[in-house]
There are 8 protein chains.
Amino acid sequence: MRDGARVLDQFGVPYVMELLAIHQDPQRMVDFATSAAANQYRVIIAGGGGAAHLPGMIAAFTPLPVIGVPVKSDHSIDGLDAIYSMLQMPKGVPVATMALNNCENAALFALQVLGSSHPSYLELVQAYKHKRKEDTQQISKNLQNMGYRNYLQERLGVDSDEETVRR
Amino acid sequence: MRDGARVLDQFGVPYVMELLAIHQDPQRMVDFATSAAANQYRVIIAGGGGAAHLPGMIAAFTPLPVIGVPVKSDHSIDGLDAIYSMLQMPKGVPVATMALNNCENAALFALQVLGSSHPSYLELVQAYKHKRKEDTQQISKNLQNMGYRNYLQERLGVDSDEETVRR
Amino acid sequence: MRDGARVLDQFGVPYVMELLAIHQDPQRMVDFATSAAANQYRVIIAGGGGAAHLPGMIAAFTPLPVIGVPVKSDHSIDGLDAIYSMLQMPKGVPVATMALNNCENAALFALQVLGSSHPSYLELVQAYKHKRKEDTQQISKNLQNMGYRNYLQERLGVDSDEETVRR
Amino acid sequence: MRDGARVLDQFGVPYVMELLAIHQDPQRMVDFATSAAANQYRVIIAGGGGAAHLPGMIAAFTPLPVIGVPVKSDHSIDGLDAIYSMLQMPKGVPVATMALNNCENAALFALQVLGSSHPSYLELVQAYKHKRKEDTQQISKNLQNMGYRNYLQERLGVDSDEETVRR
Amino acid sequence: MRDGARVLDQFGVPYVMELLAIHQDPQRMVDFATSAAANQYRVIIAGGGGAAHLPGMIAAFTPLPVIGVPVKSDHSIDGLDAIYSMLQMPKGVPVATMALNNCENAALFALQVLGSSHPSYLELVQAYKHKRKEDTQQISKNLQNMGYRNYLQERLGVDSDEETVRR
Amino acid sequence: MRDGARVLDQFGVPYVMELLAIHQDPQRMVDFATSAAANQYRVIIAGGGGAAHLPGMIAAFTPLPVIGVPVKSDHSIDGLDAIYSMLQMPKGVPVATMALNNCENAALFALQVLGSSHPSYLELVQAYKHKRKEDTQQISKNLQNMGYRNYLQERLGVDSDEETVRR
Amino acid sequence: MRDGARVLDQFGVPYVMELLAIHQDPQRMVDFATSAAANQYRVIIAGGGGAAHLPGMIAAFTPLPVIGVPVKSDHSIDGLDAIYSMLQMPKGVPVATMALNNCENAALFALQVLGSSHPSYLELVQAYKHKRKEDTQQISKNLQNMGYRNYLQERLGVDSDEETVRR
Amino acid sequence: MRDGARVLDQFGVPYVMELLAIHQDPQRMVDFATSAAANQYRVIIAGGGGAAHLPGMIAAFTPLPVIGVPVKSDHSIDGLDAIYSMLQMPKGVPVATMALNNCENAALFALQVLGSSHPSYLELVQAYKHKRKEDTQQISKNLQNMGYRNYLQERLGVDSDEETVRR
């Protein structure tokens with residue numbers, strides 16, 4: 001969640017971060033979700049690992065858009081448990097599922113949702129994408145100028161003549 | 001669920017069957033689960049397909065044992081979505097997960113749970129198992145007596161000389 | 001897509017439906033996605049089976065929110081190919097992935113996104129959810145009143161005394 | 001199993017812990033399972049990795065409820081081998097399967113089973129759940145009071161300004 | 001099993017076919033397996049679907065070689081449950097696992113095992129393989145002579161000009 | 001393979017189609033692969049289901065490029081067995097693996113390989129792609145002109161008002 | 001393979017260990033397999049990772065029984081590529097597939113195969129199994145005598161009061 | 001990619017290595033792919049992890065053969081996301097997919113493609129394969145001469161008497 005919060009901080013988007021332990025304190029999740037729209041929330045990001053019922057249950061209690069971030073935790077089934085539990089919501093109760101562990105994208109997608117009413121947010125997304133494009137172009141240019149061997153050695157400390165072991 | 005109900009009917013175990021549409025009517029699930037112990041329920045069986053949050057959420061709201069039956073529905077991911085969503089419950093909130101679509105076993109396991117306080121139920125389970133043992137012994141005997149070719153033809157209408165097509 | 005269009009029709013939400021054959025006519029996808037924001041689109045729903053690159057590539061060309069619907073087609077790997085290809089987008093380019101074949105949810109989620117600027121849309125979502133709650137409560141009541149045996153027989157034509165074959 | 005034993009110790013529930021090497025010493029498993037009900041066992045927890053036949057075979061020999069804990073061992077297929085082998089029991093012989101490696105939940109579920117006859121056990125489960133609810137509420141409160149940045153740094157030693165590396 | 005029996009019949013190999021319902025009548029499996037070596041069995045083929053504990057448990061009770069045939073049954077997890085349950089046997093108790101549903105190969109492999117002591121069996125296997133080689137060479141020759149279009153139409157009734165529908 | 005042959009016929013590319021039963025007649029595969037380069041073959045397409053060793057083994061015996069087409073057959077593990085067996089070739093012996101059952105693409109890729117020496121083949125590929133682009137543009141235009149409801153009804157005979165059943 | 005060789009050494013079974021790089025030097029595999037029966041081999045164990053064609057191709061060239069050991073290598077798909085490639089052999093050419101990385105079992109199964117002609121080998125297997133039974137009984141006894149807390153601490157250096165971290 | 005570049009360097013094949021960040025800078029990918037044939041590229045190798053749309057999208061814009069290398073990155077679904085996204089391309093737009101992380105094979109396959117027009121490249125592939133055959137024969141000889149115990153100890157520093165721990 002930290003990674004998502006950093007994106008929101010960077011864009012100056014106000015947000016509230018809460019710990020909702022859905023299976024330990026389910027009533028608190030119900031109270032939160034039931035009152036979220038009235039409390040002026042606009043979009044909700046919920047993460048979870050394993051059974052990962054949180055985003056789907058919040059979505060059941062609120063008309064607001066809910067974004068889910070599946071997390072690959074220690075005893076998970078490769079993260080597939082959380083992915084399937086968020087993704088496979090029934091007709092009428094969507095959860096917008098993001099990539100495994102990818103909370104940055106949840107924050108960005110929240111901005112895109114808000115951009116629907118605040119065009120300035122879409123401009124932020126646009127600027128963010130522009131910045132990333134320029135970054136990759138710079139890396140690309142460096143790679144061209146230095147050659148990949150020098151690039152790997154200087155930037156990553158990897159010696160390109162050392163063969164990767166493969167069986 | 002019908003298959004589970006038939007098992008309970010057969011043993012004369014009183015039960016209540018309800019439709020709880022967790023994502024369409026979540027508050028009703030909350031009300032049911034919160035009051036289940038007070039309402040003298042002893043064990044709860046909950047089925048579901050896809051995201052299949054029902055058994056886990058009921059378990060979050062009640063101290064009673066909850067048995068989950070994952071269902072392979074039309075747009076499911078081979079039933080794995082429901083299996084993982086029930087099985088992978090976090091510490092403190094177990095769901096006793098049964099085989100895919102196997103509601104009979106949920107009913108039987110409920111009997112085994114009740115048998116902890118009502119030894120007569122355990123005797124019912126014992127009798128049920130005994131009956132099934134005798135059934136398979138009878139089939140086995142028939143198979144021996146008739147030979148497998150005759151058995152397949154007479155009982156299943158399958159001609160054992162017709163080769164199964166396999167590539 | 002038909003199922004999603006029906007939801008939008010039902011709510012009177014204006015939309016454009018286009019066939020974008022991303023691998024056959026990729027430039028048309030580029031033109032569409034590049035100009036979508038300027039053309040006053042607010043949110044984009046894209047479906048696909050197999051490699052299913054459409055939603056992710058549109059998202060690469062536009063700051064608008066993109067909703068992806070993975071489709072299980074005939075020669076797909078159980079639909080997992082499309083799910084993973086939409087879900088696993090890299091940092092900076094989210095795709096809001098829906099359940100397998102669940103285009104209704106894509107349409108509803110689009111409404112929730114639009115609801116961020118048009119509160120009336122959120123009210124529509126609220127009303128839709130309310131209607132579905134009442135429907136399930138009615139079914140639930142019928143089930144209680146008739147008993148499950150009668151309910152199955154009358155409504156579904158299933159005879160509850162006929163045992164499901166299971167090995 | 002240690003984690004499950006600790007739960008039972010904490011609640012003062014008497015139990016016996018045995019090593020049953022089902023494939024190395026199968027007759028001992030048969031003897032144990034056949035006599036378990038007569039020996040006043042009330043519920044059985046069995047774990048295993050790989051082929052993981054133990055819970056299912058015990059269940060075949062006893063009318064008592066059997067709880068299975070799939071374990072992800074070194075040469076397992078991501079733990080799926082043990083999960084499927086416990087979960088997919090045939091009609092008539094249920095195994096209540098728990099989450100991967102989650103022996104605490106097996107112990108808790110055993111308490112819930114015993115609670116059917118000893119209401120005091122259900123009260124223990126209730127108290128356990130209450131304690132965990134309070135714990136998460138305390139963490140939640142700390143998180144609110146300190147802000148997530150301070151919380152991460154003080155409690156976990158994680159500097160929230162250091163970006164998670166993601167490709 | 002029928003397909004395997006046909007192979008054995010074809011080679012004149014004496015065999016006994018029994019129904020061992022491992023979970024319904026586990027003691028019978030124990031009795032069978034414990035006495036199999038003394039009863040002059042030489043090799044054992046055991047099939048099963050779902051949890052599929054039969055081959056592994058027999059192997060636990062006998063020093064004889066055990067061949068397992070995983071079966072994809074109606075409520076199985078694509079047959080993977082049976083495959084993993086047979087394949088992933090622990091150190092000391094091997095089960096020779098065959099392809100899904102491939103009981104012919106189990107019979108052939110049994111012949112290969114017996115061939116270790118009865119060279120005449122290995123000659124049977126050799127002859128069987130020779131026959132199949134000639135069969136495929138004949139098909140291959142026909143395909144060359146007729147051309148694939150005519151071959152498909154004459155032998156399979158498939159019109160090669162009709163395009164396979166693919167999305 | 002028929003679908004791939006049709007593509008080659010359509011482009012007037014000479015080819016030889018053979019049945020190589022790798023496991024029944026392995027020496028013939030060896031002879032074919034060893035002499036393929038000397039026999040003026042330029043590129044080899046090999047399909048297979050299940051263990052699907054054919055493309056990889058041919059690639060082991062020839063320096064020519066080998067294209068593999070995994071086939072989902074009746075007793076396969078969802079086609080994943082053939083996919084993995086072709087795809088996961090070790091260092092030094094690549095197989096160019098195509099989509100499940102997609103022999104058309106194998107034929108097209110063979111053309112692209114040949115295009116390296118015969119620019120006229122690349123022009124054929126270009127023309128083929130152009131034709132498909134125009135086809136999808138025509139469908140797209142029809143969809144726009146008729147509206148999706150009329151389009152579905154007229155072209156596919158599907159009544160768009162009939163709701164897809166979904167649970 | 002080392003683990004399998006140790007088992008054979010322990011039993012005094014003569015064997016030959018060779019490196020057959022099937023994709024780098026396929027003709028050597030052909031020569032080996034074609035002449036194996038004439039060279040007095042009785043049973044063949046072949047391991048491999050990734051595409052893992054070795055056991056299946058040897059089986060195609062020899063009437064001898066072939067045992068396959070799938071290996072989970074660094075760039076494998078969780079070992080499933082090797083498992084499926086060995087397991088899913090077509091009709092007529094069985095490979096007796098063992099558990100992932102479990103070469104001990106391959107050696108033991110080879111002994112069981114040889115036991116078909118040399119009863120003394122079966123006695124070795126019997127003795128091996130007896131030894132392992134006694135070992136587990138000793139561990140079990142120690143566990144009972146010491147209690148699990150002391151056992152874990154003394155034998156494994158694990159402090160049972162330290163809670164396993166689980167999220 | 002480094003491993004692939006080393007193969008090309010070793011053979012003196014001229015190549016260009018570029019960083020194309022498809023989702024961050026999609027237009028650059030379009031420009032590259034659209035002009036690749038005119039710019040005298042002959043074959044394109046593209047790698048990627050996660051959604052991994054790069055090879056498929058390049059293939060959509062060019063008639064040149066495209067080789068895809070799926071990469072298993074940190075937050076990937078075991079690399080299956082990239083594999084499926086490259087492999088499952090629709091009819092008309094093939095991507096020649098290589099093994100997970102196996103860029104050496106992509107480079108070799110590129111040589112095989114070029115060998116279609118430049119027989120000297122095929123001779124390079126032939127020589128490369130010959131060298132690898134000799135290498136494995138040398139290893140094989142050493143293994144025979146030294147015995148596997150000495151070989152493991154001298155070459156790998158592994159003591160063959162130390163038993164691999166296995167549960």
# chains A, B, ... in the order shown; residues from 1 in each chain; ligands from 1

$ residues_around --residues "Met86 of chain G" --least-positions-apart "4" --cutoff "8 Å" --atoms "only C-alpha atoms" --output "PyMOL selection string"
(chain F and resi 51) or (chain G and resi 52-53+55-56+68+70+82+95+97)

$ interface_residues --of "chain G" --to "chain F" --cutoff "7 Å" --atoms "only C-alpha atoms" --output "number ranges by chain"
G: 23-24, 26, 50-51, 53, 57, 60-61, 81, 84-86, 88-89, 93

$ write_last_selection --atoms "N, CA and C atoms" --output "PDB file, in the first residue's frame"
ATOM      1  N   HIS G  23      19.270 -33.693 -26.555  1.00  0.00           N
ATOM      2  CA  HIS G  23      19.104 -32.688 -27.612  1.00  0.00           C
ATOM      3  C   HIS G  23      20.437 -32.252 -28.211  1.00  0.00           C
ATOM      4  N   GLN G  24      21.529 -32.461 -27.474  1.00  0.00           N
ATOM      5  CA  GLN G  24      22.843 -32.100 -28.001  1.00  0.00           C
ATOM      6  C   GLN G  24      23.448 -33.250 -28.804  1.00  0.00           C
ATOM      7  N   PRO G  26      21.718 -36.455 -29.994  1.00  0.00           N
ATOM      8  CA  PRO G  26      20.570 -37.372 -30.042  1.00  0.00           C
ATOM      9  C   PRO G  26      20.924 -38.762 -30.569  1.00  0.00           C
ATOM     10  N   GLY G  50      12.772 -29.397 -17.789  1.00  0.00           N
ATOM     11  CA  GLY G  50      12.252 -28.673 -18.957  1.00  0.00           C
ATOM     12  C   GLY G  50      11.507 -29.589 -19.903  1.00  0.00           C
ATOM     13  N   ALA G  51      11.861 -29.561 -21.186  1.00  0.00           N
ATOM     14  CA  ALA G  51      11.150 -30.361 -22.189  1.00  0.00           C
ATOM     15  C   ALA G  51      11.257 -31.857 -21.870  1.00  0.00           C
ATOM     16  N   HIS G  53      12.602 -34.787 -22.830  1.00  0.00           N
ATOM     17  CA  HIS G  53      12.186 -35.819 -23.779  1.00  0.00           C
ATOM     18  C   HIS G  53      12.911 -37.152 -23.582  1.00  0.00           C
ATOM     19  N   MET G  57      11.759 -40.823 -25.277  1.00  0.00           N
ATOM     20  CA  MET G  57      12.410 -41.227 -26.523  1.00  0.00           C
ATOM     21  C   MET G  57      13.139 -42.560 -26.347  1.00  0.00           C
ATOM     22  N   ALA G  60      10.728 -45.164 -26.726  1.00  0.00           N
ATOM     23  CA  ALA G  60      10.301 -45.394 -28.108  1.00  0.00           C
ATOM     24  C   ALA G  60      11.218 -46.371 -28.828  1.00  0.00           C
ATOM     25  N   PHE G  61      12.463 -46.468 -28.359  1.00  0.00           N
ATOM     26  CA  PHE G  61      13.460 -47.288 -29.064  1.00  0.00           C
ATOM     27  C   PHE G  61      13.734 -48.635 -28.406  1.00  0.00           C
ATOM     28  N   ASP G  81       6.666 -28.761 -16.525  1.00  0.00           N
ATOM     29  CA  ASP G  81       7.031 -29.084 -17.908  1.00  0.00           C
ATOM     30  C   ASP G  81       7.606 -30.499 -17.980  1.00  0.00           C
ATOM     31  N   TYR G  84       4.800 -33.267 -17.108  1.00  0.00           N
ATOM     32  CA  TYR G  84       3.831 -33.542 -18.171  1.00  0.00           C
ATOM     33  C   TYR G  84       4.500 -34.244 -19.356  1.00  0.00           C
ATOM     34  N   SER G  85       5.728 -33.857 -19.656  1.00  0.00           N
ATOM     35  CA  SER G  85       6.402 -34.408 -20.835  1.00  0.00           C
ATOM     36  C   SER G  85       6.715 -35.896 -20.651  1.00  0.00           C
ATOM     37  N   MET G  86       6.956 -36.317 -19.420  1.00  0.00           N
ATOM     38  CA  MET G  86       7.210 -37.745 -19.160  1.00  0.00           C
ATOM     39  C   MET G  86       5.907 -38.515 -19.002  1.00  0.00           C
ATOM     40  N   GLN G  88       2.719 -37.867 -19.978  1.00  0.00           N
ATOM     41  CA  GLN G  88       1.655 -37.910 -20.980  1.00  0.00           C
ATOM     42  C   GLN G  88       2.043 -38.657 -22.254  1.00  0.00           C
ATOM     43  N   MET G  89       2.787 -39.742 -22.103  1.00  0.00           N
ATOM     44  CA  MET G  89       3.192 -40.558 -23.248  1.00  0.00           C
ATOM     45  C   MET G  89       1.972 -41.208 -23.906  1.00  0.00           C
ATOM     46  N   VAL G  93       3.611 -46.648 -25.537  1.00  0.00           N
ATOM     47  CA  VAL G  93       4.984 -46.312 -25.144  1.00  0.00           C
ATOM     48  C   VAL G  93       4.998 -45.716 -23.730  1.00  0.00           C
TER      49      VAL G  93
END

$ select_by_dssp --residues "chain A" --states "strand (DSSP E)" --output "list in words"
Ile44, Ile45, Ala46, Gly47, Gly48, Gly49, Val66, Ile67, Gly68, Val69, Pro70, Val71, Ala96 and Thr97 of chain A

$ closest_residue --among "C:Pro65, C:Glu18, C:Lys131, C:Gln40" --to "Ala107 of chain A" --atoms "only C-alpha atoms"
C:Pro65

$ residues_around --residues "Ile44 of chain F" --least-positions-apart "2" --cutoff "8 Å" --atoms "only C-alpha atoms" --output "list in words"
Tyr41, Arg42, Ala46, Leu64, Pro65, Val66, Ile67 and Ala110 of chain F

$ write_last_selection --atoms "N, CA and C atoms" --output "PDB file, in the first residue's frame"
ATOM      1  N   TYR F  41      14.819 -29.409 -47.676  1.00  0.00           N
ATOM      2  CA  TYR F  41      13.794 -28.749 -46.866  1.00  0.00           C
ATOM      3  C   TYR F  41      14.377 -27.442 -46.355  1.00  0.00           C
ATOM      4  N   ARG F  42      13.538 -26.465 -46.140  1.00  0.00           N
ATOM      5  CA  ARG F  42      14.009 -25.171 -45.663  1.00  0.00           C
ATOM      6  C   ARG F  42      13.512 -24.853 -44.260  1.00  0.00           C
ATOM      7  N   ALA F  46       6.032 -29.060 -37.159  1.00  0.00           N
ATOM      8  CA  ALA F  46       5.678 -30.339 -36.536  1.00  0.00           C
ATOM      9  C   ALA F  46       4.643 -30.097 -35.449  1.00  0.00           C
ATOM     10  N   LEU F  64      17.979 -27.019 -39.428  1.00  0.00           N
ATOM     11  CA  LEU F  64      16.883 -26.214 -39.991  1.00  0.00           C
ATOM     12  C   LEU F  64      15.980 -25.669 -38.891  1.00  0.00           C
ATOM     13  N   PRO F  65      15.316 -24.541 -39.158  1.00  0.00           N
ATOM     14  CA  PRO F  65      14.360 -24.023 -38.173  1.00  0.00           C
ATOM     15  C   PRO F  65      13.143 -24.941 -38.072  1.00  0.00           C
ATOM     16  N   VAL F  66      12.717 -25.205 -36.838  1.00  0.00           N
ATOM     17  CA  VAL F  66      11.561 -26.078 -36.583  1.00  0.00           C
ATOM     18  C   VAL F  66      10.469 -25.277 -35.872  1.00  0.00           C
ATOM     19  N   ILE F  67       9.262 -25.375 -36.402  1.00  0.00           N
ATOM     20  CA  ILE F  67       8.098 -24.684 -35.842  1.00  0.00           C
ATOM     21  C   ILE F  67       7.195 -25.733 -35.216  1.00  0.00           C
ATOM     22  N   ALA F 110       6.265 -19.977 -41.295  1.00  0.00           N
ATOM     23  CA  ALA F 110       7.173 -20.625 -42.250  1.00  0.00           C
ATOM     24  C   ALA F 110       7.403 -19.705 -43.455  1.00  0.00           C
TER      25      ALA F 110
END

$ atom_distance --atom1 "atom CA of Val43 of chain G" --atom2 "atom CA of Tyr151 of chain H"
23.9 Å

$ select_by_dssp --residues "chain A" --states "helix (DSSP H, G or I)" --output "ChimeraX atom specification"
/A:2-11,26-35,54-61,80-87,103-114,119-156

$ residues_around --residues "segment 12-14 of chain C" --least-positions-apart "4" --cutoff "12 Å" --atoms "only C-alpha atoms" --output "MDAnalysis selection string"
chainID C and resid 4:8 40:43 107:108 110:112 114:115 118 120:121 124:125

$ atom_distance --atom1 "atom CA of Asn102 of chain H" --atom2 "atom CA of Gly47 of chain H"
9.6 Å

$ decode --residues "segment 39-57 of chain F" --atoms "N, CA, C and O atoms" --output "mmCIF file, in the first residue's frame"
data_model
loop_
_atom_site.group_PDB
_atom_site.id
_atom_site.type_symbol
_atom_site.label_atom_id
_atom_site.label_comp_id
_atom_site.auth_asym_id
_atom_site.auth_seq_id
_atom_site.Cartn_x
_atom_site.Cartn_y
_atom_site.Cartn_z
ATOM 1 N N ASN F 39 17.970 -32.849 -48.094
ATOM 2 C CA ASN F 39 16.838 -33.027 -49.008
ATOM 3 C C ASN F 39 16.182 -31.713 -49.395
ATOM 4 O O ASN F 39 15.053 -31.703 -49.886
ATOM 5 N N GLN F 40 16.857 -30.631 -49.098
ATOM 6 C CA GLN F 40 16.396 -29.313 -49.529
ATOM 7 C C GLN F 40 15.164 -28.784 -48.803
ATOM 8 O O GLN F 40 14.514 -27.853 -49.274
ATOM 9 N N TYR F 41 14.819 -29.409 -47.676
ATOM 10 C CA TYR F 41 13.794 -28.749 -46.866
ATOM 11 C C TYR F 41 14.377 -27.442 -46.355
ATOM 12 O O TYR F 41 15.595 -27.326 -46.142
ATOM 13 N N ARG F 42 13.538 -26.465 -46.140
ATOM 14 C CA ARG F 42 14.009 -25.171 -45.663
ATOM 15 C C ARG F 42 13.512 -24.853 -44.260
ATOM 16 O O ARG F 42 14.149 -24.128 -43.499
ATOM 17 N N VAL F 43 12.337 -25.362 -43.953
ATOM 18 C CA VAL F 43 11.744 -25.104 -42.642
ATOM 19 C C VAL F 43 10.783 -26.251 -42.367
ATOM 20 O O VAL F 43 10.190 -26.802 -43.303
ATOM 21 N N ILE F 44 10.663 -26.645 -41.107
ATOM 22 C CA ILE F 44 9.847 -27.815 -40.757
ATOM 23 C C ILE F 44 8.783 -27.412 -39.744
ATOM 24 O O ILE F 44 9.085 -26.728 -38.756
ATOM 25 N N ILE F 45 7.548 -27.820 -40.027
ATOM 26 C CA ILE F 45 6.442 -27.617 -39.080
ATOM 27 C C ILE F 45 6.081 -28.969 -38.492
ATOM 28 O O ILE F 45 5.859 -29.921 -39.240
ATOM 29 N N ALA F 46 6.032 -29.060 -37.159
ATOM 30 C CA ALA F 46 5.678 -30.339 -36.536
ATOM 31 C C ALA F 46 4.643 -30.097 -35.449
ATOM 32 O O ALA F 46 4.823 -29.224 -34.598
ATOM 33 N N GLY F 47 3.570 -30.876 -35.502
ATOM 34 C CA GLY F 47 2.522 -30.747 -34.485
ATOM 35 C C GLY F 47 2.509 -31.953 -33.572
ATOM 36 O O GLY F 47 3.162 -32.970 -33.850
ATOM 37 N N GLY F 48 1.768 -31.845 -32.474
ATOM 38 C CA GLY F 48 1.657 -32.999 -31.587
ATOM 39 C C GLY F 48 0.854 -32.667 -30.350
ATOM 40 O O GLY F 48 0.747 -31.500 -29.963
ATOM 41 N N GLY F 49 0.279 -33.713 -29.723
ATOM 42 C CA GLY F 49 -0.469 -33.544 -28.480
ATOM 43 C C GLY F 49 0.170 -34.367 -27.388
ATOM 44 O O GLY F 49 1.050 -35.190 -27.652
ATOM 45 N N GLY F 50 -0.248 -34.149 -26.135
ATOM 46 C CA GLY F 50 0.311 -34.916 -25.024
ATOM 47 C C GLY F 50 1.795 -34.650 -24.855
ATOM 48 O O GLY F 50 2.220 -33.502 -24.816
ATOM 49 N N ALA F 51 2.603 -35.722 -24.787
ATOM 50 C CA ALA F 51 4.041 -35.568 -24.558
ATOM 51 C C ALA F 51 4.694 -34.754 -25.674
ATOM 52 O O ALA F 51 5.651 -34.003 -25.430
ATOM 53 N N ALA F 52 4.197 -34.899 -26.902
ATOM 54 C CA ALA F 52 4.538 -33.997 -28.006
ATOM 55 C C ALA F 52 6.041 -33.787 -28.182
ATOM 56 O O ALA F 52 6.512 -32.659 -28.259
ATOM 57 N N HIS F 53 6.777 -34.883 -28.314
ATOM 58 C CA HIS F 53 8.237 -34.769 -28.445
ATOM 59 C C HIS F 53 8.691 -34.488 -29.867
ATOM 60 O O HIS F 53 9.883 -34.257 -30.095
ATOM 61 N N LEU F 54 7.794 -34.563 -30.841
ATOM 62 C CA LEU F 54 8.216 -34.518 -32.240
ATOM 63 C C LEU F 54 9.015 -33.272 -32.628
ATOM 64 O O LEU F 54 10.150 -33.406 -33.124
ATOM 65 N N PRO F 55 8.495 -32.053 -32.411
ATOM 66 C CA PRO F 55 9.280 -30.905 -32.894
ATOM 67 C C PRO F 55 10.649 -30.819 -32.230
ATOM 68 O O PRO F 55 11.645 -30.556 -32.909
ATOM 69 N N GLY F 56 10.701 -31.059 -30.937
ATOM 70 C CA GLY F 56 11.974 -30.950 -30.233
ATOM 71 C C GLY F 56 12.990 -31.978 -30.708
ATOM 72 O O GLY F 56 14.184 -31.694 -30.821
ATOM 73 N N MET F 57 12.543 -33.199 -31.013
ATOM 74 C CA MET F 57 13.481 -34.230 -31.448
ATOM 75 C C MET F 57 13.961 -33.958 -32.873
ATOM 76 O O MET F 57 15.129 -34.175 -33.197
#
